[in-house]
There are 2 protein chains.
Amino acid sequence: MAQNARLHSLGMLFLCILWYPAMTTAQQSNLNLMPLPANSQPGTGSLPVDSSFSVAFTGYTEPRLERASERFLRQLARQTGLPLSLKSVKAAKATLIVETDHAGKEIQEVGEDESYILDVSTASARIRASTPLGAMHGFQTFLQLVDAAPDGFAAPAVTIQDKPRFPWRGLMIDSARHFIPVDVIRRNLDGMEAVKMNVFHWHLSENQGFRAESKKFPKLHEMGSDSFYYTQDEIRDVIAYARDRGIRAVPEFDMPGHSTAWFVGHPELASGKGPYEIERRWGIFDPAMDPTNEKVYKFLDDLIGEMAKLFPDHYFHIGGDEVNGKEWDANPKIQSFMKVHQLKNNEALQAYFSGRVQKLVTKHGKTVVGWDEVLVEGVPKDIVIQSWRGQASLAKAAKQGFRGILSNGYYLDLGWSAARHYAVDPMSGDAANLSAEERQRILGGESCMWAEYVSPENVDSRIWPRNAAIAERLWSPQEVQDPASMYVRLDVVSARLEWLGLTHKTALRQMLRRLAGSASPSEFAALRTLTDVLEPVKDYTRERTAPAVPTSATPLNRVVDAIPLESDSGRRFGELVDQFLASSCRDPAIESRLRAQLAAWRGNDAILQPLGQRSFLVKEVAVNSQDLSALGAAGLAALDTIAKGQPASDSWKTQQLAVVEQAKKPKAQLLMIPAPAVQKLIEAAVSGGVCFSPKP
Amino acid sequence: MAQNARLHSLGMLFLCILWYPAMTTAQQSNLNLMPLPANSQPGTGSLPVDSSFSVAFTGYTEPRLERASERFLRQLARQTGLPLSLKSVKAAKATLIVETDHAGKEIQEVGEDESYILDVSTASARIRASTPLGAMHGFQTFLQLVDAAPDGFAAPAVTIQDKPRFPWRGLMIDSARHFIPVDVIRRNLDGMEAVKMNVFHWHLSENQGFRAESKKFPKLHEMGSDSFYYTQDEIRDVIAYARDRGIRAVPEFDMPGHSTAWFVGHPELASGKGPYEIERRWGIFDPAMDPTNEKVYKFLDDLIGEMAKLFPDHYFHIGGDEVNGKEWDANPKIQSFMKVHQLKNNEALQAYFSGRVQKLVTKHGKTVVGWDEVLVEGVPKDIVIQSWRGQASLAKAAKQGFRGILSNGYYLDLGWSAARHYAVDPMSGDAANLSAEERQRILGGESCMWAEYVSPENVDSRIWPRNAAIAERLWSPQEVQDPASMYVRLDVVSARLEWLGLTHKTALRQMLRRLAGSASPSEFAALRTLTDVLEPVKDYTRERTAPAVPTSATPLNRVVDAIPLESDSGRRFGELVDQFLASSCRDPAIESRLRAQLAAWRGNDAILQPLGQRSFLVKEVAVNSQDLSALGAAGLAALDTIAKGQPASDSWKTQQLAVVEQAKKPKAQLLMIPAPAVQKLIEAAVSGGVCFSPKP
């Protein structure tokens, strides 16, 4: 009864909140929260946070929640530098009261209630939630509210009523192509908790490695991992660590393709003759399991049984992507099997395989997740499609009654900007036209960290901070769309993520130090100036333009490996040029900032050159450095021309645009980000146009 | 016999080396080694270091050496980004061959052979050493040689014959005033290994805490540590970790003063009535052990016995410093004991105590180390004096037959520059005039990290990189003295220390982020510009100028806690001004660099001000920010005046110097480092002098 009464009052509160005028997105943005909450109302004043800060629990509690509170307090102590006691206190004394109604599911479920209400007044704060999941999200929101204020640390008074837009908000880490040690996984789980992601999709097997210890089939990890695998104890630890943070751990064992590493120890599973070796290159390869071999299903029955026990989650990912079919085509036994069973092509053969495996997964009490390819005629409706193909594929699946999650558009390894990922919505495109019932089947999305060019050293910088923008897309209301607001908040959240031990900023500097060797301070500064405006080439260009065939033994120590996938400096310069051109070309403040930047670039190559002669890793970007200095000169020339007030000549234009075109060409697998903005300046200098007639 | 033959050939090699022309200090400096070796001869070319790099052992080996090799290879992989196999190989295949003659002592001894010879040719490298200690030093030297070169990573060809100047090269960490967790201790041991320090002096008890678990007297750590103590297992781990790195671990239990924390659980040991509480303030306090109480000696006998077993080192530090005697004066029983035993003052009473404790330490098989105060009439000659008083005290002790180590001049908490520490030599002052025999008694020195204003977060930045300069002082030949060379190499070693996980650079930025809260990128850059030229006040000024009585609960999150103790930017600006004034005032390149810097400072306050209004921690340095901008303006005015070629007026001078005087006043416990250099510019503008008559 007491519980019911409390639930009732929570319900009332939700209703009341709906009557308040909600904050606009712009107002919410002032709170520097990421993801932005579903709903918030500003209060007056703020709650001081000092050394006396404490937490109390009322209502339901459990050890997980107490650990979350300790973690919260430790994090608060870290981000403020205040010494805080980690023990919870009595409600009357507490600064923050956490009121949880009841336990969550023993195994976290898709769509479980994650909502919470956070009230911050000038005197105290309160988190109310149905289950620990919501309470933990409330902790994270509170952490983001606390900041250095005029009279000490404080959280602004506010009422936040929050819940996720999608129930499945995941990050996939490929720890098979390059092994990612447990401590790196852990700190990324901390990062996921901070931005309210709730699914860790663990890609555990590949052509390049089988990374999970199997007690039933030890040859899998012993012969298929170069000794880089997770023990079952480590896996259990990671799962518990994730659960403590409201995160489900979904394992993926990719089959029937992407499985060369399995065959090193178990060639009898394969469709080819073998023997097999661990694959060292990247790409799609021929080896595939033999769908016609009953021993394969016996083996998978045992293995899935073992792994289904190890991973408590209700879902089990069987991969299913990118089988090229060459081993099947070449195997007469398989060909005759296909004829006998009237399987007219390899797609049908794979459907047969998927159907068999799906039954095994079901037998072991789990629901199948698979990439688009597993969706074929006859598979049961309860499987979940993870779409690397896109919203059209997802919408088609939803119409057929399948649930789906979007990953197309969220591939972190392709080097897209945060804004580009942010603009991808699971409900856009074909998915926008679904019926209400069909829309329910779109469960959310997952960002994917494929690991061809990822090492334990740089993986954090490939995931963060951009992953936070995807997390917001999946949590916040669909109308939260403004990339400018997103970038402001992303900058803040990125800095805060460092308190969790994520190395997305520190590793960069350290890797540049390695490149720079014994650079003088000014040389190192010049290297930073250059690398600050470069980005690795996008999509799969790196693969295509590699100077030598890249393998898992290729050192990842070049500039392309060290720099972030998105250049903040480049983006900001572009914004500044747009401001300059949009308002008034003669705005002296903007012009002088542009000039300072361009002059620094122009002079940069002269400083950096000697270092390029000493270090082979800097030498690789010597051409990029020349491009940057040429761009700086061209940009200054454009500003000079604009200042004169007379349009430039065609020959001048041709000359300057040649500089831009040269700079735009990728070199050392790197893009020169400010090139298009400098081009705009040149074109403005030529055209006159807006630039010579300032707006009122 | 085989061993003898090998020893003989090593001996021959040493002789040969002495015939070669040794490199000058300046030549050696090109190697970027720190500490500089005793002797080195440059070779031609360099040894490539690529993914095939491997290590082989010939001669004596042991598990410690194999672990050292793995650690070396892991470190080499980290600093190059090359994937390396960690397993040692056969000599014929190895890039680096390690030839060790015999085992070191089971418990590392003072003066044990630490020498090694490192030969690097274009084809391979070889380390030769009598014992694993020397081999491990050789590994560290090799790591410092490897750098990005024009065609890949490489180590320059060179022959280095190296051995330490002093046998006792220590770092003391006070983990009693603020508790320093084990992982922080560990990474600092890694840092010590990198710069060849060999004594970790662990200050374990203080008024503010008793940090070692005692199984015999658990009330010591249970009641005297706020639960922040090292378990005996942790202590054993740290000792083993240190031994693995050629580092002795010497414990200090400070007595009879500095011991309030002992008395919380054991008031019966004290000279006052009690009860006692853990001291929260800093300073010298009254509580002291009762030297007249036999139970005290019984207790210490048991405790020293326990700790002597836990710490295998032959030396045992009993502190002995700073007893103010007030509890003794106030205790009639003690006064009457003094009369009966003809102890004419408190010094004599402490001598009596020290003598008794020294016997206990000897009984448990150890040699006493103590601060200057333990040197009183009648103590046995085998004790070691650690001098906080200085070379005179040390020389006096040496003349009396005592061995000593210098710490005066090496207190890391006083905020001295690396150059100032570097200039302190154990053999200077009175010690310079000792006989050869007496000089042998000066064993070396120890830097001291006292922890009043030190937290796990900023302790690395208080120790490093300056400690590396002290390490060089204690290892390298006395004639290695050039601070300019030291600073160039310190910059390199500082960056390399980051590969060990030391946070001396990263923590600073993170702490500034905290101060800055949600600063915009340009505001944060302005905060960096300001804090880059500030230093905390020196010596004990912070204590004296504290706005409120500082305690162990005072948050260490201010600018004064975040910034390094030495400003690189400030030093470099000073050097640039000196260059400008020394050579030619009209050197346009230098002038333009000075102008750019001064202009940036002049404009900095305007950018930073809004942030100061939002964050209380930035507000604290608002005045410093105004000073910097005023200094920038004054410096530019001085350059303008110099450019005009006519001496400035007195009134101008008065006005400008007032700006400098204002900037020189410490504010927010911070010093404005460029002030004296700007003053030089102003004086040059007034005087004419050198500045108007460029040297040829």
# chains A, B, ... in the order shown; residues from 1 in each chain; ligands from 1

$ interface_residues --of "chain B" --to "chain A" --cutoff "6 Å" --atoms "only C-alpha atoms" --output "MDAnalysis selection string"
chainID B and resid 81:82 147:152 517 555 557 614:616

$ write_last_selection --atoms "N, CA and C atoms" --output "tab-separated table (two decimals), in the first residue's frame"
chain	number	residue	atom	x	y	z
B	81	GLY	N	54.93	3.31	-30.23
B	81	GLY	CA	53.70	2.86	-30.88
B	81	GLY	C	53.93	1.63	-31.74
B	82	LEU	N	55.07	0.98	-31.59
B	82	LEU	CA	55.34	-0.24	-32.35
B	82	LEU	C	54.83	-1.45	-31.57
B	147	ASP	N	64.40	7.57	-30.39
B	147	ASP	CA	63.57	8.72	-30.78
B	147	ASP	C	63.16	8.58	-32.25
B	148	ALA	N	62.15	9.32	-32.63
B	148	ALA	CA	61.75	9.37	-34.04
B	148	ALA	C	62.89	10.02	-34.82
B	149	ALA	N	63.38	9.32	-35.84
B	149	ALA	CA	64.51	9.78	-36.64
B	149	ALA	C	64.04	9.93	-38.08
B	150	PRO	N	64.90	10.38	-39.00
B	150	PRO	CA	64.42	10.62	-40.36
B	150	PRO	C	63.82	9.39	-41.05
B	151	ASP	N	64.31	8.19	-40.72
B	151	ASP	CA	63.79	7.02	-41.44
B	151	ASP	C	63.08	6.01	-40.55
B	152	GLY	N	62.69	6.43	-39.39
B	152	GLY	CA	62.02	5.51	-38.47
B	152	GLY	C	62.54	5.77	-37.07
B	517	GLY	N	35.10	25.59	-15.23
B	517	GLY	CA	33.71	25.21	-15.41
B	517	GLY	C	33.35	25.19	-16.88
B	555	PRO	N	40.04	22.02	0.64
B	555	PRO	CA	40.11	21.55	-0.74
B	555	PRO	C	41.36	22.09	-1.45
B	557	ASN	N	41.91	22.77	-4.68
B	557	ASN	CA	41.34	22.89	-6.03
B	557	ASN	C	41.47	24.30	-6.60
B	614	ARG	N	31.74	34.24	-13.44
B	614	ARG	CA	30.93	33.02	-13.32
B	614	ARG	C	31.53	32.01	-12.34
B	615	SER	N	32.85	31.93	-12.29
B	615	SER	CA	33.49	30.91	-11.46
B	615	SER	C	34.28	31.53	-10.31
B	616	PHE	N	33.93	31.13	-9.09
B	616	PHE	CA	34.63	31.69	-7.91
B	616	PHE	C	36.12	31.35	-7.94

$ select_by_dssp --residues "range 610-690 of chain A" --states "helix (DSSP H, G or I)" --output "PDB file with N, CA and C atoms, in the first residue's frame"
ATOM      1  N   PRO A 610      62.006  22.107 -39.834  1.00  0.00           N
ATOM      2  CA  PRO A 610      63.187  21.394 -39.309  1.00  0.00           C
ATOM      3  C   PRO A 610      62.808  20.101 -38.593  1.00  0.00           C
ATOM      4  N   LEU A 611      61.671  20.095 -37.943  1.00  0.00           N
ATOM      5  CA  LEU A 611      61.247  18.881 -37.240  1.00  0.00           C
ATOM      6  C   LEU A 611      60.935  17.778 -38.237  1.00  0.00           C
ATOM      7  N   GLY A 612      60.341  18.165 -39.348  1.00  0.00           N
ATOM      8  CA  GLY A 612      60.040  17.184 -40.384  1.00  0.00           C
ATOM      9  C   GLY A 612      61.299  16.515 -40.920  1.00  0.00           C
ATOM     10  N   GLN A 613      62.404  17.234 -40.836  1.00  0.00           N
ATOM     11  CA  GLN A 613      63.658  16.622 -41.290  1.00  0.00           C
ATOM     12  C   GLN A 613      64.233  15.660 -40.254  1.00  0.00           C
ATOM     13  N   ARG A 614      63.819  15.829 -39.020  1.00  0.00           N
ATOM     14  CA  ARG A 614      64.347  14.953 -37.972  1.00  0.00           C
ATOM     15  C   ARG A 614      63.473  13.729 -37.722  1.00  0.00           C
ATOM     16  N   PHE A 616      60.591  11.014 -38.972  1.00  0.00           N
ATOM     17  CA  PHE A 616      59.896  10.461 -40.146  1.00  0.00           C
ATOM     18  C   PHE A 616      58.387  10.594 -40.020  1.00  0.00           C
ATOM     19  N   LEU A 617      57.881  10.609 -38.799  1.00  0.00           N
ATOM     20  CA  LEU A 617      56.432  10.688 -38.616  1.00  0.00           C
ATOM     21  C   LEU A 617      55.914  12.105 -38.848  1.00  0.00           C
ATOM     22  N   VAL A 618      56.782  13.070 -38.642  1.00  0.00           N
ATOM     23  CA  VAL A 618      56.410  14.454 -38.962  1.00  0.00           C
ATOM     24  C   VAL A 618      56.644  14.713 -40.454  1.00  0.00           C
ATOM     25  N   LYS A 619      57.688  14.092 -40.974  1.00  0.00           N
ATOM     26  CA  LYS A 619      57.987  14.246 -42.403  1.00  0.00           C
ATOM     27  C   LYS A 619      56.777  13.868 -43.259  1.00  0.00           C
ATOM     28  N   ALA A 622      54.691  16.799 -43.982  1.00  0.00           N
ATOM     29  CA  ALA A 622      55.361  18.017 -44.468  1.00  0.00           C
ATOM     30  C   ALA A 622      54.534  18.679 -45.577  1.00  0.00           C
ATOM     31  N   VAL A 623      53.945  17.873 -46.451  1.00  0.00           N
ATOM     32  CA  VAL A 623      53.145  18.452 -47.546  1.00  0.00           C
ATOM     33  C   VAL A 623      51.872  19.110 -47.001  1.00  0.00           C
ATOM     34  N   ASN A 624      51.265  18.471 -46.026  1.00  0.00           N
ATOM     35  CA  ASN A 624      50.089  19.097 -45.410  1.00  0.00           C
ATOM     36  C   ASN A 624      50.468  20.442 -44.780  1.00  0.00           C
ATOM     37  N   SER A 625      51.650  20.466 -44.197  1.00  0.00           N
ATOM     38  CA  SER A 625      52.111  21.692 -43.552  1.00  0.00           C
ATOM     39  C   SER A 625      52.284  22.808 -44.579  1.00  0.00           C
ATOM     40  N   GLN A 626      52.837  22.455 -45.745  1.00  0.00           N
ATOM     41  CA  GLN A 626      52.980  23.468 -46.811  1.00  0.00           C
ATOM     42  C   GLN A 626      51.605  23.961 -47.262  1.00  0.00           C
ATOM     43  N   ASP A 627      50.671  23.029 -47.396  1.00  0.00           N
ATOM     44  CA  ASP A 627      49.309  23.411 -47.774  1.00  0.00           C
ATOM     45  C   ASP A 627      48.720  24.424 -46.788  1.00  0.00           C
ATOM     46  N   LEU A 628      48.931  24.165 -45.510  1.00  0.00           N
ATOM     47  CA  LEU A 628      48.325  25.049 -44.505  1.00  0.00           C
ATOM     48  C   LEU A 628      48.909  26.448 -44.610  1.00  0.00           C
ATOM     49  N   SER A 629      50.219  26.518 -44.776  1.00  0.00           N
ATOM     50  CA  SER A 629      50.828  27.847 -44.876  1.00  0.00           C
ATOM     51  C   SER A 629      50.374  28.566 -46.144  1.00  0.00           C
ATOM     52  N   ALA A 630      50.240  27.804 -47.220  1.00  0.00           N
ATOM     53  CA  ALA A 630      49.750  28.413 -48.469  1.00  0.00           C
ATOM     54  C   ALA A 630      48.304  28.901 -48.290  1.00  0.00           C
ATOM     55  N   LEU A 631      47.511  28.116 -47.596  1.00  0.00           N
ATOM     56  CA  LEU A 631      46.130  28.535 -47.316  1.00  0.00           C
ATOM     57  C   LEU A 631      46.092  29.808 -46.485  1.00  0.00           C
ATOM     58  N   GLY A 632      46.977  29.862 -45.495  1.00  0.00           N
ATOM     59  CA  GLY A 632      47.049  31.062 -44.653  1.00  0.00           C
ATOM     60  C   GLY A 632      47.345  32.286 -45.502  1.00  0.00           C
ATOM     61  N   ALA A 633      48.326  32.156 -46.394  1.00  0.00           N
ATOM     62  CA  ALA A 633      48.690  33.279 -47.270  1.00  0.00           C
ATOM     63  C   ALA A 633      47.524  33.652 -48.180  1.00  0.00           C
ATOM     64  N   ALA A 634      46.868  32.633 -48.743  1.00  0.00           N
ATOM     65  CA  ALA A 634      45.745  32.901 -49.649  1.00  0.00           C
ATOM     66  C   ALA A 634      44.604  33.599 -48.906  1.00  0.00           C
ATOM     67  N   GLY A 635      44.340  33.143 -47.698  1.00  0.00           N
ATOM     68  CA  GLY A 635      43.273  33.751 -46.904  1.00  0.00           C
ATOM     69  C   GLY A 635      43.584  35.205 -46.582  1.00  0.00           C
ATOM     70  N   LEU A 636      44.835  35.475 -46.242  1.00  0.00           N
ATOM     71  CA  LEU A 636      45.225  36.858 -45.942  1.00  0.00           C
ATOM     72  C   LEU A 636      45.106  37.725 -47.188  1.00  0.00           C
ATOM     73  N   ALA A 637      45.529  37.158 -48.318  1.00  0.00           N
ATOM     74  CA  ALA A 637      45.419  37.905 -49.570  1.00  0.00           C
ATOM     75  C   ALA A 637      43.954  38.227 -49.867  1.00  0.00           C
ATOM     76  N   ALA A 638      43.081  37.280 -49.593  1.00  0.00           N
ATOM     77  CA  ALA A 638      41.655  37.514 -49.812  1.00  0.00           C
ATOM     78  C   ALA A 638      41.148  38.634 -48.906  1.00  0.00           C
ATOM     79  N   LEU A 639      41.561  38.615 -47.658  1.00  0.00           N
ATOM     80  CA  LEU A 639      41.129  39.673 -46.735  1.00  0.00           C
ATOM     81  C   LEU A 639      41.660  41.031 -47.183  1.00  0.00           C
ATOM     82  N   ASP A 640      42.904  41.042 -47.656  1.00  0.00           N
ATOM     83  CA  ASP A 640      43.469  42.297 -48.155  1.00  0.00           C
ATOM     84  C   ASP A 640      42.631  42.839 -49.315  1.00  0.00           C
ATOM     85  N   THR A 641      42.277  41.927 -50.209  1.00  0.00           N
ATOM     86  CA  THR A 641      41.482  42.325 -51.375  1.00  0.00           C
ATOM     87  C   THR A 641      40.122  42.867 -50.939  1.00  0.00           C
ATOM     88  N   ILE A 642      39.514  42.156 -50.001  1.00  0.00           N
ATOM     89  CA  ILE A 642      38.225  42.614 -49.479  1.00  0.00           C
ATOM     90  C   ILE A 642      38.366  43.995 -48.848  1.00  0.00           C
ATOM     91  N   ALA A 643      39.476  44.189 -48.125  1.00  0.00           N
ATOM     92  CA  ALA A 643      39.694  45.472 -47.447  1.00  0.00           C
ATOM     93  C   ALA A 643      39.820  46.614 -48.445  1.00  0.00           C
ATOM     94  N   LYS A 644      40.400  46.302 -49.602  1.00  0.00           N
ATOM     95  CA  LYS A 644      40.559  47.343 -50.634  1.00  0.00           C
ATOM     96  C   LYS A 644      39.218  47.779 -51.189  1.00  0.00           C
ATOM     97  N   ASP A 650      40.440  37.987 -62.332  1.00  0.00           N
ATOM     98  CA  ASP A 650      40.265  36.569 -62.605  1.00  0.00           C
ATOM     99  C   ASP A 650      41.562  35.788 -62.421  1.00  0.00           C
ATOM    100  N   SER A 651      42.652  36.398 -62.843  1.00  0.00           N
ATOM    101  CA  SER A 651      43.921  35.675 -62.750  1.00  0.00           C
ATOM    102  C   SER A 651      44.300  35.470 -61.268  1.00  0.00           C
ATOM    103  N   TRP A 652      44.011  36.513 -60.475  1.00  0.00           N
ATOM    104  CA  TRP A 652      44.250  36.372 -59.023  1.00  0.00           C
ATOM    105  C   TRP A 652      43.418  35.220 -58.472  1.00  0.00           C
ATOM    106  N   LYS A 653      42.147  35.227 -58.900  1.00  0.00           N
ATOM    107  CA  LYS A 653      41.241  34.190 -58.427  1.00  0.00           C
ATOM    108  C   LYS A 653      41.766  32.792 -58.802  1.00  0.00           C
ATOM    109  N   THR A 654      42.164  32.625 -60.048  1.00  0.00           N
ATOM    110  CA  THR A 654      42.650  31.330 -60.525  1.00  0.00           C
ATOM    111  C   THR A 654      43.829  30.855 -59.683  1.00  0.00           C
ATOM    112  N   GLN A 655      44.712  31.815 -59.425  1.00  0.00           N
ATOM    113  CA  GLN A 655      45.913  31.501 -58.659  1.00  0.00           C
ATOM    114  C   GLN A 655      45.560  31.051 -57.239  1.00  0.00           C
ATOM    115  N   GLN A 656      44.659  31.804 -56.599  1.00  0.00           N
ATOM    116  CA  GLN A 656      44.326  31.507 -55.200  1.00  0.00           C
ATOM    117  C   GLN A 656      43.521  30.212 -55.090  1.00  0.00           C
ATOM    118  N   LEU A 657      42.610  30.016 -56.052  1.00  0.00           N
ATOM    119  CA  LEU A 657      41.796  28.806 -55.972  1.00  0.00           C
ATOM    120  C   LEU A 657      42.626  27.546 -56.230  1.00  0.00           C
ATOM    121  N   ALA A 658      43.713  27.725 -56.995  1.00  0.00           N
ATOM    122  CA  ALA A 658      44.616  26.587 -57.203  1.00  0.00           C
ATOM    123  C   ALA A 658      45.229  26.149 -55.872  1.00  0.00           C
ATOM    124  N   VAL A 659      45.518  27.119 -55.029  1.00  0.00           N
ATOM    125  CA  VAL A 659      46.058  26.815 -53.699  1.00  0.00           C
ATOM    126  C   VAL A 659      45.040  26.007 -52.900  1.00  0.00           C
ATOM    127  N   VAL A 660      43.785  26.435 -52.975  1.00  0.00           N
ATOM    128  CA  VAL A 660      42.727  25.737 -52.241  1.00  0.00           C
ATOM    129  C   VAL A 660      42.551  24.315 -52.773  1.00  0.00           C
ATOM    130  N   GLU A 661      42.535  24.198 -54.097  1.00  0.00           N
ATOM    131  CA  GLU A 661      42.346  22.873 -54.684  1.00  0.00           C
ATOM    132  C   GLU A 661      43.468  21.919 -54.268  1.00  0.00           C
ATOM    133  N   GLN A 662      44.665  22.452 -54.267  1.00  0.00           N
ATOM    134  CA  GLN A 662      45.809  21.651 -53.836  1.00  0.00           C
ATOM    135  C   GLN A 662      45.622  21.210 -52.373  1.00  0.00           C
ATOM    136  N   ALA A 663      45.189  22.133 -51.549  1.00  0.00           N
ATOM    137  CA  ALA A 663      45.017  21.836 -50.117  1.00  0.00           C
ATOM    138  C   ALA A 663      43.901  20.834 -49.895  1.00  0.00           C
ATOM    139  N   LYS A 664      42.921  20.842 -50.786  1.00  0.00           N
ATOM    140  CA  LYS A 664      41.778  19.936 -50.602  1.00  0.00           C
ATOM    141  C   LYS A 664      42.125  18.479 -50.888  1.00  0.00           C
ATOM    142  N   ALA A 675      40.178  24.395 -45.749  1.00  0.00           N
ATOM    143  CA  ALA A 675      40.255  24.751 -47.177  1.00  0.00           C
ATOM    144  C   ALA A 675      38.943  25.355 -47.714  1.00  0.00           C
ATOM    145  N   PRO A 676      37.794  24.722 -47.476  1.00  0.00           N
ATOM    146  CA  PRO A 676      36.560  25.311 -48.029  1.00  0.00           C
ATOM    147  C   PRO A 676      36.261  26.716 -47.485  1.00  0.00           C
ATOM    148  N   ALA A 677      36.609  26.951 -46.224  1.00  0.00           N
ATOM    149  CA  ALA A 677      36.342  28.283 -45.661  1.00  0.00           C
ATOM    150  C   ALA A 677      37.232  29.337 -46.317  1.00  0.00           C
ATOM    151  N   VAL A 678      38.490  28.985 -46.565  1.00  0.00           N
ATOM    152  CA  VAL A 678      39.384  29.916 -47.256  1.00  0.00           C
ATOM    153  C   VAL A 678      38.861  30.159 -48.677  1.00  0.00           C
ATOM    154  N   GLN A 679      38.351  29.109 -49.291  1.00  0.00           N
ATOM    155  CA  GLN A 679      37.758  29.263 -50.614  1.00  0.00           C
ATOM    156  C   GLN A 679      36.625  30.297 -50.587  1.00  0.00           C
ATOM    157  N   LYS A 680      35.801  30.246 -49.561  1.00  0.00           N
ATOM    158  CA  LYS A 680      34.713  31.232 -49.441  1.00  0.00           C
ATOM    159  C   LYS A 680      35.263  32.660 -49.394  1.00  0.00           C
ATOM    160  N   LEU A 681      36.362  32.843 -48.652  1.00  0.00           N
ATOM    161  CA  LEU A 681      36.956  34.178 -48.555  1.00  0.00           C
ATOM    162  C   LEU A 681      37.427  34.640 -49.941  1.00  0.00           C
ATOM    163  N   ILE A 682      38.058  33.718 -50.644  1.00  0.00           N
ATOM    164  CA  ILE A 682      38.564  34.070 -51.974  1.00  0.00           C
ATOM    165  C   ILE A 682      37.403  34.429 -52.904  1.00  0.00           C
ATOM    166  N   GLU A 683      36.368  33.610 -52.845  1.00  0.00           N
ATOM    167  CA  GLU A 683      35.223  33.881 -53.721  1.00  0.00           C
ATOM    168  C   GLU A 683      34.548  35.197 -53.363  1.00  0.00           C
ATOM    169  N   ALA A 684      34.511  35.498 -52.064  1.00  0.00           N
ATOM    170  CA  ALA A 684      33.936  36.781 -51.649  1.00  0.00           C
ATOM    171  C   ALA A 684      34.782  37.934 -52.166  1.00  0.00           C
ATOM    172  N   ALA A 685      36.104  37.721 -52.159  1.00  0.00           N
ATOM    173  CA  ALA A 685      37.004  38.772 -52.640  1.00  0.00           C
ATOM    174  C   ALA A 685      36.801  39.025 -54.124  1.00  0.00           C
ATOM    175  N   VAL A 686      36.421  37.994 -54.818  1.00  0.00           N
ATOM    176  CA  VAL A 686      36.230  38.129 -56.258  1.00  0.00           C
ATOM    177  C   VAL A 686      34.857  38.684 -56.597  1.00  0.00           C
ATOM    178  N   SER A 687      33.859  38.141 -55.938  1.00  0.00           N
ATOM    179  CA  SER A 687      32.488  38.449 -56.342  1.00  0.00           C
ATOM    180  C   SER A 687      32.017  39.806 -55.849  1.00  0.00           C
ATOM    181  N   GLY A 689      29.633  41.198 -54.012  1.00  0.00           N
ATOM    182  CA  GLY A 689      28.418  40.621 -53.442  1.00  0.00           C
ATOM    183  C   GLY A 689      28.206  41.045 -52.009  1.00  0.00           C
ATOM    184  N   VAL A 690      27.691  40.123 -51.225  1.00  0.00           N
ATOM    185  CA  VAL A 690      27.376  40.387 -49.815  1.00  0.00           C
ATOM    186  C   VAL A 690      28.477  41.174 -49.124  1.00  0.00           C
TER     187      VAL A 690
END

$ residues_around --residues "range 387-398 of chain B" --least-positions-apart "5" --cutoff "10 Å" --atoms "only C-alpha atoms" --output "JSON, numbers by chain"
{"B": [321, 370, 371, 372, 373, 375, 376, 381, 403, 404, 405, 406, 407, 408, 409, 410, 411, 424, 425, 426, 427, 428, 429, 430, 431, 432, 433, 434, 435, 437, 438, 439, 440, 441, 442, 445, 446, 448]}

$ residues_around --residues "range 104-109 of chain A" --least-positions-apart "6" --cutoff "7 Å" --atoms "only C-alpha atoms" --output "MDAnalysis selection string"
chainID A and resid 131:132 248 312:313

$ write_last_selection --atoms "N, CA and C atoms" --output "compact mmCIF listing (two decimals), in the first residue's frame"
# COMPACT_ATOMS: atom_id res chain seq x y z
N THR A 131 12.66 2.87 -10.37
CA THR A 131 13.66 1.81 -10.14
C THR A 131 15.06 2.42 -10.06
N PRO A 132 16.01 1.62 -9.65
CA PRO A 132 17.40 2.11 -9.60
C PRO A 132 17.89 2.64 -10.94
N ARG A 248 23.12 -3.05 -20.25
CA ARG A 248 23.06 -4.45 -20.63
C ARG A 248 24.29 -4.81 -21.46
N PRO A 312 24.08 -13.03 -19.09
CA PRO A 312 22.69 -13.16 -18.64
C PRO A 312 21.68 -12.44 -19.53
N ASP A 313 22.11 -11.51 -20.36
CA ASP A 313 21.13 -10.72 -21.11
C ASP A 313 20.21 -11.61 -21.94
